[in-house]
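See below for my_file-v4.txt, which holds compact mmCIF, C-alpha atoms.
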# COMPACT_ATOMS: atom_id res chain seq x y z
CA MET M 1 133.41 98.53 85.90
CA ARG M 2 132.74 94.91 86.77
CA ARG M 3 130.02 96.05 89.16
CA VAL M 4 128.14 97.57 86.24
CA THR M 5 128.68 94.85 83.66
CA VAL M 6 126.98 92.20 85.78
CA LEU M 7 123.81 94.32 85.85
CA MET M 8 124.01 95.32 82.20
CA PRO M 9 122.13 92.36 80.64
CA GLY M 10 119.21 92.93 83.03
CA VAL M 11 119.05 96.62 82.13
CA VAL M 12 119.14 95.77 78.41
CA VAL M 13 116.35 93.20 78.76
CA PHE M 14 114.25 95.65 80.74
CA ALA M 15 114.80 98.49 78.25
CA VAL M 16 113.93 96.21 75.33
CA ALA M 17 110.72 95.23 77.17
CA PHE M 18 109.86 98.89 77.68
CA GLY M 19 110.59 99.73 74.04
CA ALA M 20 108.35 96.86 72.93
CA ALA M 21 105.54 97.95 75.27
CA ALA M 22 105.88 101.55 74.06
CA SER M 23 105.54 100.63 70.38
CA ALA M 24 102.58 98.37 71.21
CA LYS M 25 100.90 101.35 72.94
CA GLY M 26 101.43 103.61 69.92
CA LEU M 27 104.13 105.93 71.25
CA SER M 28 106.43 107.42 68.66
CA LEU M 29 110.09 106.41 68.83
CA LEU M 30 110.91 109.96 69.92
CA GLU M 31 108.42 109.76 72.80
CA ALA M 32 109.80 106.39 73.91
CA LEU M 33 113.36 107.73 73.84
CA LEU M 34 112.42 110.92 75.67
CA MET M 35 110.74 108.88 78.37
CA SER M 36 113.74 106.57 78.78
CA GLY M 37 116.10 109.53 78.80
CA LEU M 38 114.20 111.85 81.13
CA VAL M 39 112.33 109.48 83.42
CA TYR M 40 114.90 106.66 83.49
CA ALA M 41 112.95 104.41 85.84
CA GLY M 42 112.13 101.02 84.38
CA VAL M 43 109.24 99.86 86.52
CA ALA M 44 107.52 103.27 86.44
CA GLN M 45 107.85 103.41 82.65
CA LEU M 46 106.32 99.95 82.23
CA VAL M 47 103.48 100.84 84.60
CA ALA M 48 102.95 104.09 82.66
CA MET M 49 102.53 102.02 79.49
CA GLU M 50 99.62 100.25 81.18
CA VAL M 51 97.75 103.54 81.56
CA TRP M 52 99.07 105.31 78.44
CA ARG M 53 96.39 106.88 76.24
CA PRO M 54 96.19 108.57 72.83
CA GLU M 55 94.50 111.74 74.16
CA TRP M 56 95.66 113.56 77.29
CA SER M 57 93.86 115.82 79.75
CA TRP M 58 95.51 117.75 82.60
CA GLY M 59 93.72 115.44 85.03
CA ALA M 60 95.14 112.35 83.36
CA ILE M 61 98.62 113.85 83.47
CA ALA M 62 98.29 114.65 87.17
CA GLY M 63 97.13 111.06 87.73
CA LEU M 64 100.13 109.73 85.83
CA ALA M 65 102.49 111.91 87.90
CA VAL M 66 100.98 110.59 91.14
CA LEU M 67 101.19 107.01 89.88
CA THR M 68 104.83 107.55 88.90
CA ALA M 69 105.64 109.01 92.30
CA THR M 70 104.07 106.06 94.14
CA VAL M 71 105.87 103.51 91.98
CA ASN M 72 109.12 105.39 92.57
CA SER M 73 108.54 106.07 96.25
CA ARG M 74 111.14 103.43 97.05
CA MET M 75 113.72 105.87 95.64
CA VAL M 76 112.98 108.21 98.53
CA LEU M 77 114.06 105.46 100.91
CA GLN M 78 116.93 104.29 98.74
CA GLY M 79 118.24 107.86 98.69
CA ALA M 80 117.78 108.14 102.45
CA SER M 81 119.72 104.92 103.01
CA LEU M 82 122.75 106.37 101.19
CA GLN M 83 122.49 109.97 102.45
CA HIS M 84 125.24 109.51 105.07
CA TRP M 85 127.54 108.84 102.12
CA PHE M 86 126.21 111.54 99.74
CA GLY M 87 125.97 114.20 102.46
CA ALA M 88 129.71 114.89 102.44
CA TYR M 89 129.61 115.98 98.79
CA PRO M 90 128.48 119.38 97.39
CA LYS M 91 124.74 119.86 96.92
CA ARG M 92 125.07 120.61 93.20
CA LEU M 93 126.98 117.41 92.56
CA ASN M 94 124.31 115.44 94.40
CA ALA M 95 121.52 117.19 92.50
CA LEU M 96 123.20 116.10 89.28
CA GLN M 97 124.20 112.57 90.23
CA LEU M 98 120.77 111.81 91.69
CA PHE M 99 119.25 112.28 88.24
CA PHE M 100 121.03 109.02 87.34
CA PHE M 101 120.05 107.24 90.55
CA THR M 102 118.09 104.01 90.00
CA ASP M 103 117.53 100.54 91.44
CA ALA M 104 120.61 99.17 89.70
CA ASN M 105 122.65 102.09 90.90
CA TRP M 106 121.37 101.76 94.43
CA MET M 107 122.34 98.08 94.47
CA ILE M 108 125.83 98.85 93.19
CA GLY M 109 126.23 101.74 95.64
CA THR M 110 124.89 99.85 98.65
CA ARG M 111 127.22 96.93 98.03
CA TYR M 112 130.23 99.14 97.26
CA HIS M 113 129.66 101.23 100.38
CA ALA M 114 129.21 98.11 102.54
CA GLU M 115 132.57 96.87 101.29
CA GLY M 116 134.15 100.12 102.48
CA GLY M 117 134.14 102.06 99.20
CA ARG M 118 133.60 105.82 99.50
CA ASP M 119 134.30 107.14 96.00
CA LEU M 120 131.15 108.78 94.63
CA GLY M 121 132.70 108.56 91.15
CA VAL M 122 131.91 104.84 91.11
CA LEU M 123 128.22 105.58 91.53
CA ILE M 124 128.17 108.44 89.01
CA GLY M 125 130.06 106.39 86.42
CA ALA M 126 127.69 103.48 86.91
CA GLY M 127 124.64 105.72 86.68
CA VAL M 128 125.72 107.48 83.47
CA LEU M 129 126.82 104.23 81.82
CA LEU M 130 123.56 102.47 82.70
CA TRP M 131 121.62 105.51 81.46
CA LEU M 132 123.32 105.35 78.06
CA VAL M 133 122.63 101.63 77.77
CA TRP M 134 119.05 102.11 78.96
CA VAL M 135 118.27 104.79 76.36
CA ALA M 136 120.12 102.96 73.56
CA ALA M 137 118.43 99.60 74.27
CA THR M 138 115.01 101.24 74.10
CA ILE M 139 115.49 101.53 70.29
CA PRO M 140 115.84 97.81 69.38
CA GLY M 141 113.01 97.07 71.82
CA TYR M 142 110.81 99.59 70.02
CA LEU M 143 111.69 98.20 66.59
CA LEU M 144 111.30 94.56 67.68
CA GLY M 145 108.04 95.41 69.48
CA ALA M 146 105.96 92.96 67.52
CA LEU M 147 108.32 90.05 68.20
CA VAL M 148 108.18 90.27 71.98
CA ALA M 149 104.43 89.97 72.05
CA ASP M 150 104.25 88.66 75.61
CA PRO M 151 107.31 89.57 77.71
CA ARG M 152 105.99 87.36 80.51
CA THR M 153 106.90 84.22 78.54
CA TYR M 154 110.58 85.05 78.94
CA GLY M 155 110.26 86.18 82.53
CA ILE M 156 111.05 89.83 81.79
CA ASP M 157 108.64 90.91 84.53
CA LEU M 158 110.99 89.14 86.95
CA VAL M 159 114.26 90.90 86.04
CA MET M 160 113.97 93.48 88.81
CA PRO M 161 112.70 91.02 91.47
CA ILE M 162 115.54 88.60 90.64
CA PHE M 163 118.19 91.30 91.10
CA PHE M 164 116.54 92.41 94.33
CA ALA M 165 116.37 88.86 95.67
CA ALA M 166 119.99 88.25 94.67
CA MET M 167 120.95 91.34 96.70
CA ILE M 168 119.91 89.60 99.89
CA VAL M 169 123.05 87.43 99.75
CA PRO M 170 125.67 90.22 99.93
CA LEU M 171 123.46 92.16 102.39
CA TRP M 172 123.17 89.20 104.76
CA ARG M 173 124.44 89.95 108.30
CA GLY M 174 122.99 87.00 110.19
CA ARG M 175 119.51 86.01 111.24
CA ARG M 176 119.07 88.69 113.85
CA ALA M 177 119.64 91.50 111.36
CA ALA M 178 117.15 89.85 109.03
CA ILE M 179 114.23 90.04 111.49
CA PRO M 180 113.25 93.59 110.42
CA TRP M 181 113.49 92.54 106.75
CA VAL M 182 111.08 89.66 107.20
CA VAL M 183 108.70 91.90 109.13
CA ALA M 184 109.01 94.48 106.32
CA GLY M 185 108.11 91.82 103.76
CA LEU M 186 105.12 90.58 105.73
CA THR M 187 103.87 94.10 106.42
CA ALA M 188 104.12 94.86 102.72
CA LEU M 189 102.20 91.68 101.94
CA VAL M 190 99.37 92.67 104.29
CA THR M 191 99.39 96.21 102.85
CA THR M 192 98.85 94.95 99.29
CA LYS M 193 95.68 93.24 100.53
CA LEU M 194 94.36 96.46 102.05
CA VAL M 195 95.57 99.24 99.75
CA GLU M 196 95.65 99.36 95.95
CA GLY M 197 98.80 100.41 94.12
CA TYR M 198 102.41 100.54 95.23
CA ALA M 199 102.11 101.94 98.77
CA PHE M 200 103.15 98.52 100.08
CA ILE M 201 106.84 99.13 99.36
CA LEU M 202 106.85 102.32 101.42
CA VAL M 203 104.80 100.96 104.32
CA GLY M 204 106.77 97.70 104.52
CA SER M 205 110.23 99.27 104.22
CA LEU M 206 109.52 101.94 106.82
CA THR M 207 108.18 99.34 109.24
CA GLY M 208 111.36 97.32 108.80
CA ALA M 209 113.56 100.38 109.35
CA MET M 210 111.62 101.40 112.47
CA LEU M 211 111.91 97.91 113.89
CA GLY M 212 115.61 97.88 113.05
CA ALA M 213 116.03 101.19 114.87
CA PHE M 214 114.45 99.87 118.06
CA LEU M 215 116.01 96.43 118.08
CA ASP M 216 119.22 96.68 120.09
CA ASP M 217 122.52 95.78 118.51
CA PRO M 218 123.49 92.20 119.23
CA ALA M 219 125.77 92.16 122.26
CA MET F 1 91.57 130.68 84.76
CA THR F 2 91.46 127.72 82.43
CA LEU F 3 94.46 125.67 81.46
CA PRO F 4 95.38 125.73 77.77
CA GLU F 5 94.38 122.85 75.52
CA LEU F 6 97.00 120.12 75.38
CA GLY F 7 96.52 119.00 71.81
CA ALA F 8 99.60 117.40 70.29
CA TRP F 9 101.73 118.39 73.32
CA GLY F 10 99.86 115.94 75.59
CA PRO F 11 102.30 113.04 75.48
CA TYR F 12 105.32 115.30 75.92
CA ILE F 13 103.85 117.04 78.94
CA ALA F 14 102.91 113.62 80.34
CA ILE F 15 106.53 112.48 79.96
CA LEU F 16 107.77 115.68 81.57
CA ALA F 17 105.37 115.18 84.49
CA MET F 18 106.71 111.65 84.98
CA ALA F 19 110.29 112.92 84.83
CA LEU F 20 109.61 115.59 87.46
CA ALA F 21 107.79 113.15 89.75
CA THR F 22 110.67 110.69 89.45
CA TYR F 23 113.36 113.29 90.10
CA ALA F 24 111.45 114.52 93.14
CA CYS F 25 111.51 110.96 94.52
CA ARG F 26 115.22 110.67 93.79
CA ILE F 27 116.24 113.80 95.69
CA SER F 28 113.68 113.95 98.50
CA GLY F 29 115.09 111.07 100.56
CA VAL F 30 118.58 112.53 100.49
CA VAL F 31 117.35 116.06 101.22
CA LEU F 32 115.12 114.83 104.06
CA MET F 33 117.88 112.83 105.73
CA GLY F 34 120.07 115.95 105.62
CA PHE F 35 117.82 117.41 108.32
CA ILE F 36 117.71 114.35 110.57
CA PRO F 37 120.62 113.95 113.02
CA LEU F 38 122.39 110.60 112.79
CA THR F 39 121.79 109.23 116.27
CA PRO F 40 122.73 105.56 116.86
CA ARG F 41 119.03 104.73 116.64
CA VAL F 42 118.60 106.43 113.26
CA ARG F 43 121.78 104.71 112.13
CA ARG F 44 120.38 101.29 113.07
CA GLY F 45 117.15 102.11 111.26
CA LEU F 46 119.06 103.06 108.13
CA ALA F 47 121.16 99.90 108.39
CA ALA F 48 117.96 97.85 108.34
CA LEU F 49 116.54 99.87 105.41
CA PRO F 50 118.16 98.26 102.32
CA GLY F 51 117.12 94.71 103.31
CA SER F 52 113.68 95.99 104.26
CA ILE F 53 113.22 97.63 100.86
CA VAL F 54 114.23 94.37 99.16
CA PHE F 55 111.82 92.24 101.19
CA ALA F 56 108.96 94.75 101.03
CA THR F 57 109.30 94.84 97.23
CA VAL F 58 109.84 91.17 96.53
CA ILE F 59 107.50 89.30 98.90
CA PRO F 60 104.26 90.94 97.67
CA LEU F 61 105.45 90.45 94.08
CA ILE F 62 105.95 86.73 94.70
CA GLU F 63 102.43 86.55 96.03
CA ARG F 64 101.14 88.43 92.98
CA LEU F 65 103.17 86.57 90.34
CA GLY F 66 102.75 83.05 91.69
CA LEU F 67 104.68 79.82 92.14
CA ALA F 68 106.86 80.18 89.03
CA ALA F 69 108.17 83.51 90.37
CA ALA F 70 108.85 82.03 93.82
CA LEU F 71 110.84 79.15 92.30
CA ALA F 72 112.81 81.55 90.10
CA LEU F 73 113.75 83.82 93.00
CA LEU F 74 114.79 80.88 95.20
CA ALA F 75 116.93 79.53 92.37
CA ALA F 76 118.50 82.97 91.88
CA ILE F 77 119.31 83.28 95.61
CA GLY F 78 120.74 79.75 95.60
CA SER F 79 122.96 80.61 92.67
CA MET F 80 124.13 83.79 94.47
CA VAL F 81 125.05 81.80 97.58
CA LEU F 82 127.10 79.37 95.49
CA ARG F 83 128.73 81.68 92.95
CA ARG F 84 128.16 85.34 93.97
CA SER F 85 127.42 86.41 90.42
CA GLU F 86 124.38 88.62 89.73
CA LEU F 87 124.58 87.77 86.05
CA LEU F 88 124.46 84.03 86.70
CA ALA F 89 121.61 84.60 89.18
CA LEU F 90 119.66 86.47 86.49
CA ILE F 91 120.22 83.72 83.93
CA VAL F 92 119.27 80.99 86.41
CA GLY F 93 116.21 82.90 87.61
CA MET F 94 114.92 83.71 84.12
CA SER F 95 115.53 80.16 82.90
CA VAL F 96 113.58 78.76 85.84
CA VAL F 97 110.64 81.13 85.37
CA SER F 98 110.50 80.50 81.60
CA ALA F 99 110.58 76.74 82.17
CA ALA F 100 108.02 76.87 84.97
CA ARG F 101 105.65 79.03 82.91
CA ALA F 102 106.10 76.78 79.87
CA LEU F 103 105.03 73.88 82.10
CA GLY F 104 101.99 75.90 83.11
CA LEU F 105 102.89 76.56 86.76
Show this structure as structure tokens.
Amino acid sequence: MRRVTVLMPGVVVFAVAFGAAASAKGLSLLEALLMSGLVYAGVAQLVAMEVWRPEWSWGAIAGLAVLTATVNSRMVLQGASLQHWFGAYPKRLNALQLFFFTDANWMIGTRYHAEGGRDLGVLIGAGVLLWLVWVAATIPGYLLGALVADPRTYGIDLVMPIFFAAMIVPLWRGRRAAIPWVVAGLTALVTTKLVEGYAFILVGSLTGAMLGAFLDDPA
Amino acid sequence: MTLPELGAWGPYIAILAMALATYACRISGVVLMGFIPLTPRVRRGLAALPGSIVFATVIPLIERLGLAAALALLAAIGSMVLRRSELLALIVGMSVVSAARALGL
């Protein structure tokens, strides 16, 4: 429970920011709630608000789906990094629990697993609880929309990066283990200069993992 | 064959498309790794993955968001080293970025 409560304020702030952006873009409250409930991916939802439009064509929807997939491509890797844990459980259970799998969940799960925890219930409980909070907090955000005119002023665009950066501390295993991470970061930085969009996360992370695979364990 | 007109259903189909794309991302990594044998090398690669994802996400964002963001993240990491509380790190980080942006950094 404590693992979830520390992340809760960040999730609330993020959901309020999404609700505010959704009302500014002219979504109905129902549409905003459906998106929070079904998509349940904060960054992708905020990016979608950037390209949201009043009239939709099939082409625009396909474009939105591709954009969503690229923003969320990190989930492919996050899922892969926890597969050795999930693999022991039935496929149906995984299919269900992965619906609730997010950044916050991945952080909780990664840390819990690193500390020796193996109970999938922790992850499922966290995911469902965060989902409820996420959907519920979309409502006040939507209603307060006008008040949070510029979320940047309060640093809401930094909620996710702050949690990610804070994760480095519990993940830390010495300088040697951090070499692939730094290379991953630098590769991602170069990739943003060359390729538009969110491919940088995928390219950088995979480079780091490959390097990690070929660096020998410290003797 | 032509696709039917979207009309008022447009936004709902757009949301559904996003939901499907997101769910596909959520399951594909786990499904994919189910087919890859866990050799020591793969294991080492996976061990390096979480930190790599963090760095690959955060470093380009710092570059994009500027000095205020860099200061905020450093402050958040510092607070984590001292107190190990994600909540405190969030408060520290957001306070720093709000202050830095108010000062025009």
- Pick out the chain F residues within 6 Å of chain M. Count all atoms listed in the file. Give them as JSON, numbers by chain. {"F": [10, 14, 15, 17, 18, 19, 21, 25, 26, 28, 29, 30, 33, 41, 44, 45, 46, 48, 49, 51, 52, 53, 54, 55, 56, 57, 58, 59, 60, 73, 77, 86, 87, 94, 97, 98]}
- For atom CA of F:Ala100 and atom CA of F:Gly78, the interatomic separation in Å (one decimal):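 Going from atom CA of F:Ala100 over to atom CA of F:Gly78, I get 16.8 Å.
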So for stretch 38-56 of chain F, what box centre and size do we get, axis-aligned, 6 Å extra on each of the six sides, every listed atom, Å to one decimal, as lines of an AutoDock Vina configuration file?
center_x = 115.8
center_y = 101.4
center_z = 108.0
size_x = 25.8
size_y = 30.4
size_z = 29.7
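Computed from the coordinates, the atom CA of F:Ala75 to atom CA of M:Ala21 distance equals 27.6 Å.
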- Task: Take atom CA of M:Arg176 and atom CA of F:Ser79 and report the distance between them in Å, one decimal.
- Result: 23.0 Å
- Return the single residue from M:Leu46, M:Ala126, M:Leu120, M:Leu143 that is closest to M:Ile108, with distances computed using only C-alpha atoms.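 Closest to M:Ile108 of all the choices is M:Ala126.
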- Go through F:Leu71, F:Val81, F:Pro4, F:Val42 and flag the residue nearest F:Gly93, using only C-alpha atoms for the distances.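 Nearest to F:Gly93: F:Leu71.
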- Item | Option closest in space to M:Leu144, from M:Ala104, M:Ala17, M:Val47, M:Val122 [counting only C-alpha atoms] |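 Looking only at the distances to M:Leu144, the closest residue turns out to be M:Ala17.
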